[in-house]
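This is final_6.cif. It holds mmCIF, C-alpha atoms.
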```
data_query
loop_
_atom_site.label_atom_id
_atom_site.label_comp_id
_atom_site.auth_asym_id
_atom_site.auth_seq_id
_atom_site.Cartn_x
_atom_site.Cartn_y
_atom_site.Cartn_z
CA MET A 1 13.85 -15.25 -8.74
CA ASN A 2 11.44 -18.08 -7.93
CA LEU A 3 8.37 -18.21 -10.06
CA PRO A 4 5.32 -18.41 -7.79
CA PHE A 5 3.45 -21.65 -7.50
CA TYR A 6 0.13 -19.94 -8.12
CA ARG A 7 1.16 -18.07 -11.22
CA ARG A 8 -1.41 -18.49 -13.93
CA MET A 9 -0.52 -19.30 -17.48
CA THR A 10 -3.52 -17.66 -19.06
CA PHE A 11 -5.81 -14.89 -17.92
CA MET A 12 -9.29 -15.78 -16.86
CA VAL A 13 -12.07 -13.76 -15.33
CA ILE A 14 -12.24 -14.72 -11.70
CA ILE A 15 -15.64 -13.28 -10.90
CA THR A 16 -18.24 -16.00 -11.06
CA THR A 17 -21.95 -15.59 -10.66
CA LEU A 18 -23.65 -17.99 -8.26
CA ASP A 19 -27.07 -19.48 -8.94
CA ASP A 20 -28.79 -16.94 -6.75
CA GLY A 21 -27.22 -14.11 -8.70
CA THR A 22 -24.85 -12.96 -5.98
CA VAL A 23 -21.26 -12.32 -6.90
CA HIS A 24 -18.53 -14.66 -5.67
CA HIS A 25 -15.73 -12.28 -4.76
CA ASN A 26 -12.05 -12.96 -4.62
CA SER A 27 -11.34 -13.67 -1.00
CA ILE A 28 -8.76 -11.89 1.09
CA ALA A 29 -8.41 -15.19 2.98
CA LYS A 30 -7.07 -16.76 -0.22
CA TYR A 31 -4.72 -13.83 -0.72
CA ALA A 32 -3.37 -14.57 2.76
CA THR A 33 -2.26 -18.03 1.65
CA ILE A 34 -0.37 -16.62 -1.31
CA ILE A 35 1.14 -13.78 0.72
CA GLU A 36 2.60 -16.27 3.19
CA ASP A 37 3.96 -18.37 0.34
CA VAL A 38 5.65 -15.37 -1.30
CA ARG A 39 7.11 -14.18 2.00
CA ASN A 40 8.59 -17.65 2.52
CA LYS A 41 10.15 -17.76 -0.93
CA GLU A 42 11.30 -14.22 -1.61
CA GLU A 43 13.82 -12.26 0.40
CA ASN A 44 12.58 -8.70 -0.03
CA VAL A 45 8.81 -8.33 -0.01
CA LEU A 46 6.57 -5.31 0.51
CA LEU A 47 2.80 -5.76 0.92
CA VAL A 48 0.82 -2.60 0.25
CA ASP A 49 -2.76 -1.45 -0.26
CA GLY A 50 -3.91 1.29 -2.61
CA GLY A 51 -6.78 2.55 -0.48
CA ASP A 52 -10.59 2.73 -0.64
CA VAL A 53 -10.89 -0.20 1.71
CA PHE A 54 -14.59 0.32 2.40
CA LEU A 55 -17.66 2.39 1.40
CA ARG A 56 -20.28 0.77 -0.79
CA GLY A 57 -19.44 -2.65 0.69
CA GLU A 58 -21.97 -4.85 2.45
CA PHE A 59 -20.99 -3.68 5.91
CA GLN A 60 -19.99 -0.10 5.18
CA ALA A 61 -21.55 0.99 8.46
CA GLY A 62 -18.47 -0.54 10.07
CA GLN A 63 -16.43 2.29 8.48
CA GLY A 64 -13.59 0.03 7.43
CA GLU A 65 -13.31 -1.75 10.76
CA LEU A 66 -13.15 -5.26 9.26
CA GLU A 67 -10.97 -4.27 6.31
CA THR A 68 -8.34 -2.45 8.36
CA SER A 69 -8.33 -5.35 10.85
CA LEU A 70 -7.66 -7.78 8.00
CA LEU A 71 -4.79 -5.64 6.67
CA LYS A 72 -3.29 -5.60 10.14
CA GLU A 73 -3.65 -9.37 10.50
CA LEU A 74 -1.90 -9.83 7.16
CA ASP A 75 0.91 -7.58 8.33
CA TYR A 76 0.72 -5.02 5.54
CA ASP A 77 3.64 -2.60 5.23
CA ALA A 78 1.80 0.51 4.04
CA MET A 79 -1.44 1.88 2.64
CA VAL A 80 -2.25 5.09 0.80
CA LEU A 81 -5.54 6.74 1.74
CA GLY A 82 -8.08 6.59 -1.07
CA ASN A 83 -10.65 9.29 -1.74
CA ASN A 84 -13.36 7.11 -0.16
CA ASP A 85 -11.31 6.68 3.00
CA PHE A 86 -11.89 10.41 3.52
CA ARG A 87 -15.63 9.88 2.90
CA VAL A 88 -17.51 9.28 6.12
CA TYR A 89 -20.38 6.80 6.18
CA PRO A 90 -23.19 7.54 5.44
CA ALA A 91 -21.76 9.26 2.36
CA GLY A 92 -22.75 12.89 2.13
CA GLU A 93 -23.26 13.42 5.84
CA GLY A 94 -19.62 13.68 6.86
CA THR A 95 -17.90 16.63 8.52
CA PRO A 96 -14.22 17.36 9.15
CA ASP A 97 -14.74 16.15 12.73
CA SER A 98 -16.36 12.85 11.74
CA ARG A 99 -13.67 12.32 9.07
CA TYR A 100 -11.04 12.89 11.71
CA GLU A 101 -12.72 10.28 13.91
CA GLN A 102 -13.02 7.81 11.03
CA LEU A 103 -9.34 8.06 10.14
CA LYS A 104 -8.40 7.93 13.81
CA ASP A 105 -10.29 4.63 14.06
CA TYR A 106 -8.49 3.41 10.94
CA HIS A 107 -5.19 4.17 12.60
CA ARG A 108 -6.19 2.51 15.87
CA ASN A 109 -6.95 -0.66 13.95
CA VAL A 110 -3.66 -1.04 12.07
CA ASN A 111 0.01 -1.58 12.78
CA PHE A 112 1.43 -0.13 9.57
CA GLN A 113 1.99 3.33 8.10
CA PHE A 114 -0.59 5.34 6.18
CA LEU A 115 1.14 7.28 3.40
CA THR A 116 -0.40 10.36 1.78
CA GLY A 117 1.95 13.13 0.71
CA ASN A 118 -0.44 15.44 -1.08
CA VAL A 119 -3.04 16.28 1.56
CA ILE A 120 -2.41 18.95 4.18
CA HIS A 121 -4.42 20.98 6.66
CA ARG A 122 -5.39 24.34 5.19
CA ASP A 123 -4.72 26.26 8.39
CA THR A 124 -1.41 24.71 9.46
CA GLY A 125 0.02 23.27 6.23
CA LYS A 126 0.72 20.04 8.15
CA TYR A 127 0.05 16.51 6.99
CA LEU A 128 -2.83 14.55 8.51
CA GLN A 129 -2.38 13.12 11.98
CA ASN A 130 -0.89 9.61 11.89
CA VAL A 131 -0.22 9.93 8.15
CA LYS A 132 3.23 10.38 6.62
CA PRO A 133 4.05 11.54 3.08
CA TRP A 134 6.58 8.75 2.62
CA LYS A 135 8.46 6.01 4.42
CA ASN A 136 11.74 4.16 4.02
CA PHE A 137 11.79 0.37 4.07
CA THR A 138 15.29 -1.05 4.51
CA PHE A 139 16.32 -4.43 3.11
CA ALA A 140 19.91 -5.51 3.83
CA GLY A 141 21.07 -1.92 3.72
CA VAL A 142 19.07 -0.94 0.64
CA LYS A 143 16.56 1.81 1.39
CA VAL A 144 13.29 1.71 -0.52
CA GLY A 145 11.43 5.01 -0.24
CA MET A 146 7.68 4.73 -0.76
CA ILE A 147 5.70 7.90 -1.40
CA GLY A 148 1.92 7.98 -0.99
CA LEU A 149 -0.24 10.15 -3.26
CA THR A 150 -4.01 10.24 -3.52
CA SER A 151 -6.82 11.45 -5.73
CA MET A 152 -8.01 15.05 -5.95
CA LYS A 153 -11.65 13.88 -5.99
CA PRO A 154 -12.63 14.87 -2.44
CA GLU A 155 -11.65 18.51 -3.09
CA ILE A 156 -12.86 18.65 -6.69
CA ARG A 157 -16.24 17.21 -5.72
CA GLY A 158 -16.53 19.60 -2.78
CA TRP A 159 -17.04 16.97 -0.09
CA ASN A 160 -17.85 18.57 3.23
CA ASP A 161 -15.76 15.88 4.93
CA VAL A 162 -12.56 17.57 3.74
CA VAL A 163 -13.31 21.31 3.70
CA ASP A 164 -10.45 21.80 6.16
CA LEU A 165 -7.97 20.04 3.90
CA GLU A 166 -6.00 21.03 0.83
CA PHE A 167 -5.34 18.44 -1.85
CA ILE A 168 -2.20 19.10 -3.90
CA GLU A 169 -1.89 17.88 -7.48
CA PRO A 170 -0.08 14.50 -7.25
CA VAL A 171 2.69 15.35 -9.77
CA LYS A 172 3.35 18.68 -8.06
CA ALA A 173 3.52 16.98 -4.65
CA LEU A 174 5.78 14.24 -6.00
CA ASN A 175 8.21 16.76 -7.49
CA ALA A 176 8.31 18.58 -4.16
CA LEU A 177 8.92 15.40 -2.15
CA LEU A 178 11.41 13.63 -4.42
CA PRO A 179 14.59 15.60 -3.59
CA LYS A 180 14.20 14.88 0.12
CA VAL A 181 13.20 11.24 -0.39
CA SER A 182 16.02 10.66 -2.90
CA GLU A 183 18.50 12.02 -0.38
CA LYS A 184 17.54 9.31 2.10
CA SER A 185 16.53 6.44 -0.19
CA ASP A 186 18.23 4.31 -2.83
CA ILE A 187 14.97 3.53 -4.65
CA ASN A 188 11.80 5.63 -5.02
CA ILE A 189 8.42 3.99 -5.48
CA VAL A 190 5.02 5.70 -5.62
CA LEU A 191 1.99 4.15 -3.92
CA SER A 192 -0.83 5.94 -5.64
CA HIS A 193 -4.58 6.33 -5.36
CA ALA A 194 -4.54 9.03 -8.00
CA GLY A 195 -6.02 6.91 -10.81
CA ASN A 196 -4.45 5.29 -13.85
CA GLU A 197 -4.31 8.41 -16.03
CA GLU A 198 -2.48 10.32 -13.31
CA ASP A 199 -0.26 7.30 -12.62
CA HIS A 200 1.08 7.57 -16.17
CA LYS A 201 2.07 11.18 -15.44
CA LEU A 202 3.68 10.19 -12.12
CA ALA A 203 5.68 7.45 -13.86
CA GLN A 204 7.21 10.05 -16.20
CA VAL A 205 8.82 11.92 -13.32
CA PRO A 206 12.58 11.20 -13.28
CA GLY A 207 13.68 9.40 -10.13
CA VAL A 208 10.60 7.19 -9.80
CA SER A 209 11.08 3.51 -10.63
CA ALA A 210 7.53 2.11 -10.15
CA VAL A 211 3.97 3.35 -9.61
CA ILE A 212 1.68 1.05 -7.64
CA GLY A 213 -1.76 2.30 -8.64
CA ALA A 214 -5.39 2.25 -7.54
CA ASP A 215 -8.69 4.18 -7.76
CA THR A 216 -9.85 3.41 -11.31
CA HIS A 217 -10.43 -0.31 -10.58
CA LYS A 218 -8.45 -1.10 -13.68
CA VAL A 219 -7.53 -4.73 -14.13
CA ILE A 220 -3.89 -4.48 -15.25
CA GLU A 221 -2.80 -8.05 -15.98
CA THR A 222 0.79 -7.14 -16.76
CA PRO A 223 2.32 -3.73 -15.98
CA GLU A 224 1.78 -0.73 -18.21
CA TYR A 225 4.89 1.40 -18.81
CA GLU A 226 6.03 5.00 -19.19
CA PHE A 227 9.51 6.20 -20.15
CA ASN A 228 10.82 8.74 -17.64
CA GLY A 229 13.86 9.78 -19.63
CA GLU A 230 16.06 7.12 -18.03
CA LEU A 231 14.08 3.90 -17.91
CA MET A 232 10.72 2.28 -18.51
CA VAL A 233 8.68 2.65 -15.33
CA PRO A 234 6.05 -0.02 -14.54
CA ILE A 235 2.52 1.01 -13.53
CA THR A 236 0.20 -1.47 -11.83
CA GLN A 237 -3.35 -1.80 -10.54
CA ALA A 238 -5.27 -4.84 -9.31
CA GLY A 239 -8.89 -4.19 -10.26
CA GLY A 240 -11.25 -3.24 -7.49
CA GLU A 241 -14.56 -3.70 -5.74
CA GLN A 242 -16.31 -6.89 -7.00
CA GLU A 243 -13.34 -7.66 -9.21
CA HIS A 244 -10.31 -7.16 -7.02
CA TYR A 245 -7.09 -9.15 -7.24
CA LEU A 246 -3.81 -9.69 -5.49
CA GLY A 247 -1.16 -8.17 -7.76
CA ARG A 248 2.54 -8.86 -7.87
CA LEU A 249 5.38 -6.73 -9.21
CA ASP A 250 8.95 -8.07 -9.31
CA LEU A 251 11.68 -5.46 -9.66
CA VAL A 252 15.39 -6.08 -10.23
CA TYR A 253 17.84 -3.23 -9.60
CA GLU A 254 21.54 -3.03 -10.35
CA VAL A 255 24.07 -0.63 -8.90
CA VAL A 256 25.26 1.54 -11.79
CA ASP A 257 27.53 4.52 -11.09
CA GLY A 258 26.79 4.16 -7.38
CA LYS A 259 23.02 4.29 -7.81
CA MET A 260 20.27 1.72 -7.88
CA LYS A 261 18.94 1.43 -11.41
CA LEU A 262 15.87 -0.59 -12.37
CA VAL A 263 17.04 -3.12 -14.96
CA GLU A 264 14.16 -5.57 -15.05
CA SER A 265 10.48 -5.67 -14.08
CA ASP A 266 7.63 -8.09 -14.42
CA GLY A 267 4.18 -8.30 -12.92
CA PHE A 268 0.90 -10.20 -12.93
CA LEU A 269 -2.33 -10.78 -11.04
CA TYR A 270 -2.84 -14.00 -9.10
CA ASP A 271 -5.56 -16.46 -9.95
CA VAL A 272 -6.85 -17.63 -6.57
CA THR A 273 -9.49 -20.03 -7.91
CA ASN A 274 -7.83 -23.16 -6.56
CA VAL A 275 -5.96 -21.54 -3.68
CA PRO A 276 -7.08 -22.62 -0.21
CA ALA A 277 -8.29 -19.87 2.09
CA ASP A 278 -6.24 -19.15 5.19
CA PRO A 279 -8.51 -20.48 7.95
CA GLU A 280 -7.62 -17.77 10.47
CA ILE A 281 -8.33 -14.91 8.07
CA GLN A 282 -11.50 -16.59 6.83
CA ALA A 283 -12.69 -16.98 10.43
CA ILE A 284 -12.22 -13.25 11.06
CA ILE A 285 -14.34 -12.46 8.01
CA ASP A 286 -17.04 -14.99 8.82
CA ASP A 287 -17.25 -14.00 12.48
CA TYR A 288 -17.58 -10.34 11.57
CA HIS A 289 -20.31 -11.06 9.05
CA ALA A 290 -22.20 -13.19 11.58
CA GLU A 291 -21.90 -10.50 14.23
CA MET A 292 -23.03 -7.71 11.92
CA ARG A 293 -26.03 -9.72 10.76
CA VAL A 294 -27.16 -10.27 14.35
CA GLN A 295 -27.06 -6.52 15.06
CA MET B 1 26.62 5.01 43.36
CA ARG B 2 29.03 2.47 41.95
CA LYS B 3 26.23 1.02 39.92
CA ASN B 4 25.45 4.47 38.52
CA LEU B 5 29.08 5.08 37.69
CA LEU B 6 29.32 1.80 35.86
CA LYS B 7 26.13 2.66 34.02
CA GLN B 8 27.56 6.05 33.04
CA CYS B 9 30.84 4.49 31.90
CA PHE B 10 28.92 1.97 29.86
CA SER B 11 26.80 4.70 28.31
CA LEU B 12 29.88 6.76 27.46
CA ALA B 13 31.54 3.71 25.94
CA MET B 14 28.45 2.97 23.89
CA ALA B 15 28.23 6.59 22.74
CA ALA B 16 31.90 6.57 21.78
CA ALA B 17 31.41 3.38 19.83
CA PHE B 18 28.54 4.90 17.90
CA ILE B 19 30.48 8.08 17.21
CA ALA B 20 33.43 5.99 16.02
CA MET B 21 31.22 4.09 13.58
CA PRO B 22 31.98 5.27 10.05
CA VAL B 23 29.18 7.03 8.22
CA THR B 24 28.67 4.93 5.14
CA ALA B 25 27.99 6.97 2.07
CA ASP B 26 25.49 5.56 -0.39
CA ALA B 27 28.14 5.25 -3.06
CA ALA B 28 30.29 3.13 -0.76
CA LYS B 29 27.40 1.07 0.55
CA LEU B 30 26.12 0.15 -2.92
CA LYS B 31 28.70 -1.97 -4.67
CA GLU B 32 28.95 -1.47 -8.41
CA GLY B 33 27.25 -4.20 -10.40
CA GLU B 34 25.43 -5.74 -7.44
CA THR B 35 21.76 -6.49 -7.90
CA PHE B 36 18.79 -6.11 -5.59
CA GLU B 37 15.46 -7.86 -6.06
CA LEU B 38 12.24 -6.47 -4.62
CA THR B 39 8.79 -8.05 -4.76
CA ILE B 40 5.75 -5.85 -4.20
CA LEU B 41 2.39 -7.47 -3.46
CA GLN B 42 -0.57 -5.20 -3.93
CA THR B 43 -4.27 -4.93 -3.24
CA ASN B 44 -6.49 -1.93 -3.86
CA ASP B 45 -10.08 -0.71 -3.82
CA PHE B 46 -11.63 -3.48 -1.75
CA HIS B 47 -14.67 -1.33 -1.05
CA GLY B 48 -15.70 -3.83 1.58
CA HIS B 49 -15.70 -6.83 -0.76
CA HIS B 50 -13.77 -9.50 1.04
CA HIS B 51 -15.99 -12.58 0.55
CA HIS B 52 -17.15 -14.83 3.33
CA THR B 53 -18.12 -18.49 3.36
CA GLY B 54 -21.32 -18.16 5.41
#
```

Written as structure tokens, that's how I'd like the structure from this file.
Amino acid sequence: MNLPFYRRMTFMVIITTLDDGTVHHNSIAKYATIIEDVRNKEENVLLVDGGDVFLRGEFQAGQGELETSLLKELDYDAMVLGNNDFRVYPAGEGTPDSRYEQLKDYHRNVNFQFLTGNVIHRDTGKYLQNVKPWKNFTFAGVKVGMIGLTSMKPEIRGWNDVVDLEFIEPVKALNALLPKVSEKSDINIVLSHAGNEEDHKLAQVPGVSAVIGADTHKVIETPEYEFNGELMVPITQAGGEQEHYLGRLDLVYEVVDGKMKLVESDGFLYDVTNVPADPEIQAIIDDYHAEMRVQ
Amino acid sequence: MRKNLLKQCFSLAMAAAFIAMPVTADAAKLKEGETFELTILQTNDFHGHHHHTG
């Protein structure tokens, strides 16, 4: 496995404060440069997002328009819906209808699959429109099943945006989905917006070999682990909001008794300080900002 | 008519070929001892913070 060019040797805080007191965020345009580099070097790559793409950002009135457009441009493979993706802007004024419209606009903007396997309509028991509980990604005949699970917050907090929806406990939903997914996949990975504490519970479920986490904005420099009775399962998360990162998890599987078994894992967060921004992605961001400021 | 017949024959031949393809069981597909490497790149919780140069 090639070690990435941008891999840092020591951890440093990437957030820097400019003279005027504004925060200098990690740039998605810099992530784009690394993503391209990794895709060129590694054979089997999945690019995923853990949700909560907007709300509280500078241009939240755009309801995730820029963020979902950027994910599309970067050719993401999947995204799990975060609790704030269910939250219609302005927060507190949403209804099931406006949430439906918001998520419909999300879907219109992207070319990849939304995964959320623990939210269903109360009246029909069906998953959300344009959202699947899981998806298979096939690499040279190996099927990687990715299951999306999100936070219970919208239901627990009684958001009006989701009164028509039922949120199922992530571990319960995972246990219900796993037999079917395992039947069709060689490897099971969870893409979670359930929060780090819940991720540790998800990682203990036999059959899961990694939990890609989100929600708690936890900066996990190297993976945390849980033993699931068979192996140590890595759990990741790449910060969030003003301190977000591009995270990487490398997994090595070996066929043992006819099944894919995780035998090695390693992960880290990229330092993008000296990474050049991808000009095309940067232009999309700058143009959007200029346009929104004019309005 | 002839064109349609040819098309039908071709379709039947294709269907037969697919039916004849062996269904590969997972155990047969995965060869003992072989390794598979997967790299997952991840972002999360942008909350609209994407940084611009302007």

Could you give me, as a tab-separated table (two decimals) with C-alpha atoms, keeping the file's coordinate frame, the residues that sit within 7 Å of (-2.3, 21.6, 5.8) in the file's coordinates, counting all atoms listed in the file?
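Ended up saving to result09.tsv:
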```
chain	number	residue	atom	x	y	z
A	119	VAL	CA	-3.04	16.28	1.56
A	120	ILE	CA	-2.41	18.95	4.18
A	121	HIS	CA	-4.42	20.98	6.66
A	122	ARG	CA	-5.39	24.34	5.19
A	123	ASP	CA	-4.72	26.26	8.39
A	124	THR	CA	-1.41	24.71	9.46
A	125	GLY	CA	0.02	23.27	6.23
A	126	LYS	CA	0.72	20.04	8.15
A	127	TYR	CA	0.05	16.51	6.99
A	165	LEU	CA	-7.97	20.04	3.90
A	166	GLU	CA	-6.00	21.03	0.83
```

Show me a table, sorted first by chain and then by increasing residue number, of the residues of chain B having an atom at most 7 Å from chain A, each with its shortest atom pair and the distance in Å to one decimal, counting all atoms listed in the file and written as a tab-separated table.
```
residue	atom	partner	partner_atom	distance
B:Ala27	CA	A:Gly258	CA	4.7
B:Leu30	CA	A:Gly258	CA	6.0
B:Lys31	CA	A:Val255	CA	6.4
B:Glu32	CA	A:Val255	CA	5.0
B:Gly33	CA	A:Val255	CA	5.0
B:Glu34	CA	A:Val255	CA	5.5
B:Thr35	CA	A:Glu254	CA	4.2
B:Phe36	CA	A:Tyr253	CA	5.0
B:Glu37	CA	A:Val252	CA	4.5
B:Leu38	CA	A:Asn44	CA	5.1
B:Thr39	CA	A:Asp250	CA	4.6
B:Ile40	CA	A:Leu46	CA	4.8
B:Leu41	CA	A:Arg248	CA	4.6
B:Gln42	CA	A:Gly247	CA	4.9
B:Thr43	CA	A:Asp49	CA	4.8
B:Asn44	CA	A:Gly50	CA	4.3
B:Asp45	CA	A:Gly240	CA	4.6
B:Phe46	CA	A:Val53	CA	4.8
B:His47	CA	A:Phe54	CA	3.8
B:Gly48	CA	A:Gly57	CA	4.0
B:His49	CA	A:Gly57	CA	5.8
B:His50	CA	A:Ser27	CA	5.2
B:His51	CA	A:Ser27	CA	5.0
B:His52	CA	A:Asp286	CA	5.5
B:Thr53	CA	A:Asp286	CA	6.6
B:Gly54	CA	A:Asp286	CA	6.3
```

Selected residues, C-alpha atoms, written as a tab-separated table (two decimals), in the frame of the given file, please.
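Output (again02.tsv):
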```tsv
chain	number	residue	atom	x	y	z
B	27	ALA	CA	28.14	5.25	-3.06
B	30	LEU	CA	26.12	0.15	-2.92
B	31	LYS	CA	28.70	-1.97	-4.67
B	32	GLU	CA	28.95	-1.47	-8.41
B	33	GLY	CA	27.25	-4.20	-10.40
B	34	GLU	CA	25.43	-5.74	-7.44
B	35	THR	CA	21.76	-6.49	-7.90
B	36	PHE	CA	18.79	-6.11	-5.59
B	37	GLU	CA	15.46	-7.86	-6.06
B	38	LEU	CA	12.24	-6.47	-4.62
B	39	THR	CA	8.79	-8.05	-4.76
B	40	ILE	CA	5.75	-5.85	-4.20
B	41	LEU	CA	2.39	-7.47	-3.46
B	42	GLN	CA	-0.57	-5.20	-3.93
B	43	THR	CA	-4.27	-4.93	-3.24
B	44	ASN	CA	-6.49	-1.93	-3.86
B	45	ASP	CA	-10.08	-0.71	-3.82
B	46	PHE	CA	-11.63	-3.48	-1.75
B	47	HIS	CA	-14.67	-1.33	-1.05
B	48	GLY	CA	-15.70	-3.83	1.58
B	49	HIS	CA	-15.70	-6.83	-0.76
B	50	HIS	CA	-13.77	-9.50	1.04
B	51	HIS	CA	-15.99	-12.58	0.55
B	52	HIS	CA	-17.15	-14.83	3.33
B	53	THR	CA	-18.12	-18.49	3.36
B	54	GLY	CA	-21.32	-18.16	5.41
```

All residues 6 Å or closer to Phe227 in chain A, all atoms listed in the file, same chain fewer than 4 positions away omitted, as a PDB file with C-alpha atoms, in the frame of the given file:
```pdb
ATOM      1  CA  GLN A 204       7.210  10.050 -16.200  1.00  0.00           C
ATOM      2  CA  LEU A 231      14.080   3.900 -17.910  1.00  0.00           C
ATOM      3  CA  MET A 232      10.720   2.280 -18.510  1.00  0.00           C
TER       4      MET A 232
END
```

Here's the selection I'm unsure about, the PyMOL selection byres ((chain A and resi 145) around 6); applied to the file above, which residues does it give, as a short mmCIF file (atom, residue, chain, number, x, y, z; two decimals) with C-alpha atoms, in the frame of the given file?
```cif
data_model
loop_
_atom_site.label_atom_id
_atom_site.label_comp_id
_atom_site.auth_asym_id
_atom_site.auth_seq_id
_atom_site.Cartn_x
_atom_site.Cartn_y
_atom_site.Cartn_z
CA LYS A 135 8.46 6.01 4.42
CA ASN A 136 11.74 4.16 4.02
CA VAL A 144 13.29 1.71 -0.52
CA MET A 146 7.68 4.73 -0.76
CA SER A 185 16.53 6.44 -0.19
CA ILE A 187 14.97 3.53 -4.65
CA ASN A 188 11.80 5.63 -5.02
#
```

| request: Could you please determine the separation between CA of Tyr106 in chain A and CA of Trp159 in chain A in Å, to one decimal place? | output: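 A separation of 19.5 Å between them.
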
| So what do you get for CA of Phe167 in chain A versus CA of Met152 in chain A, distance-wise? |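 Going from CA of Phe167 in chain A over to CA of Met152 in chain A, I get 6.0 Å.
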
| field | Distance in Å - CA of Asp75 in chain A versus CA of Glu36 in chain A | value |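 A separation of 10.2 Å between them.
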
| query | So, counting only C-alpha atoms, which residue among A:Val162, A:Leu74, A:Val131, A:Ile281 is closest to Thr95 in chain A? | reply | A:Val162
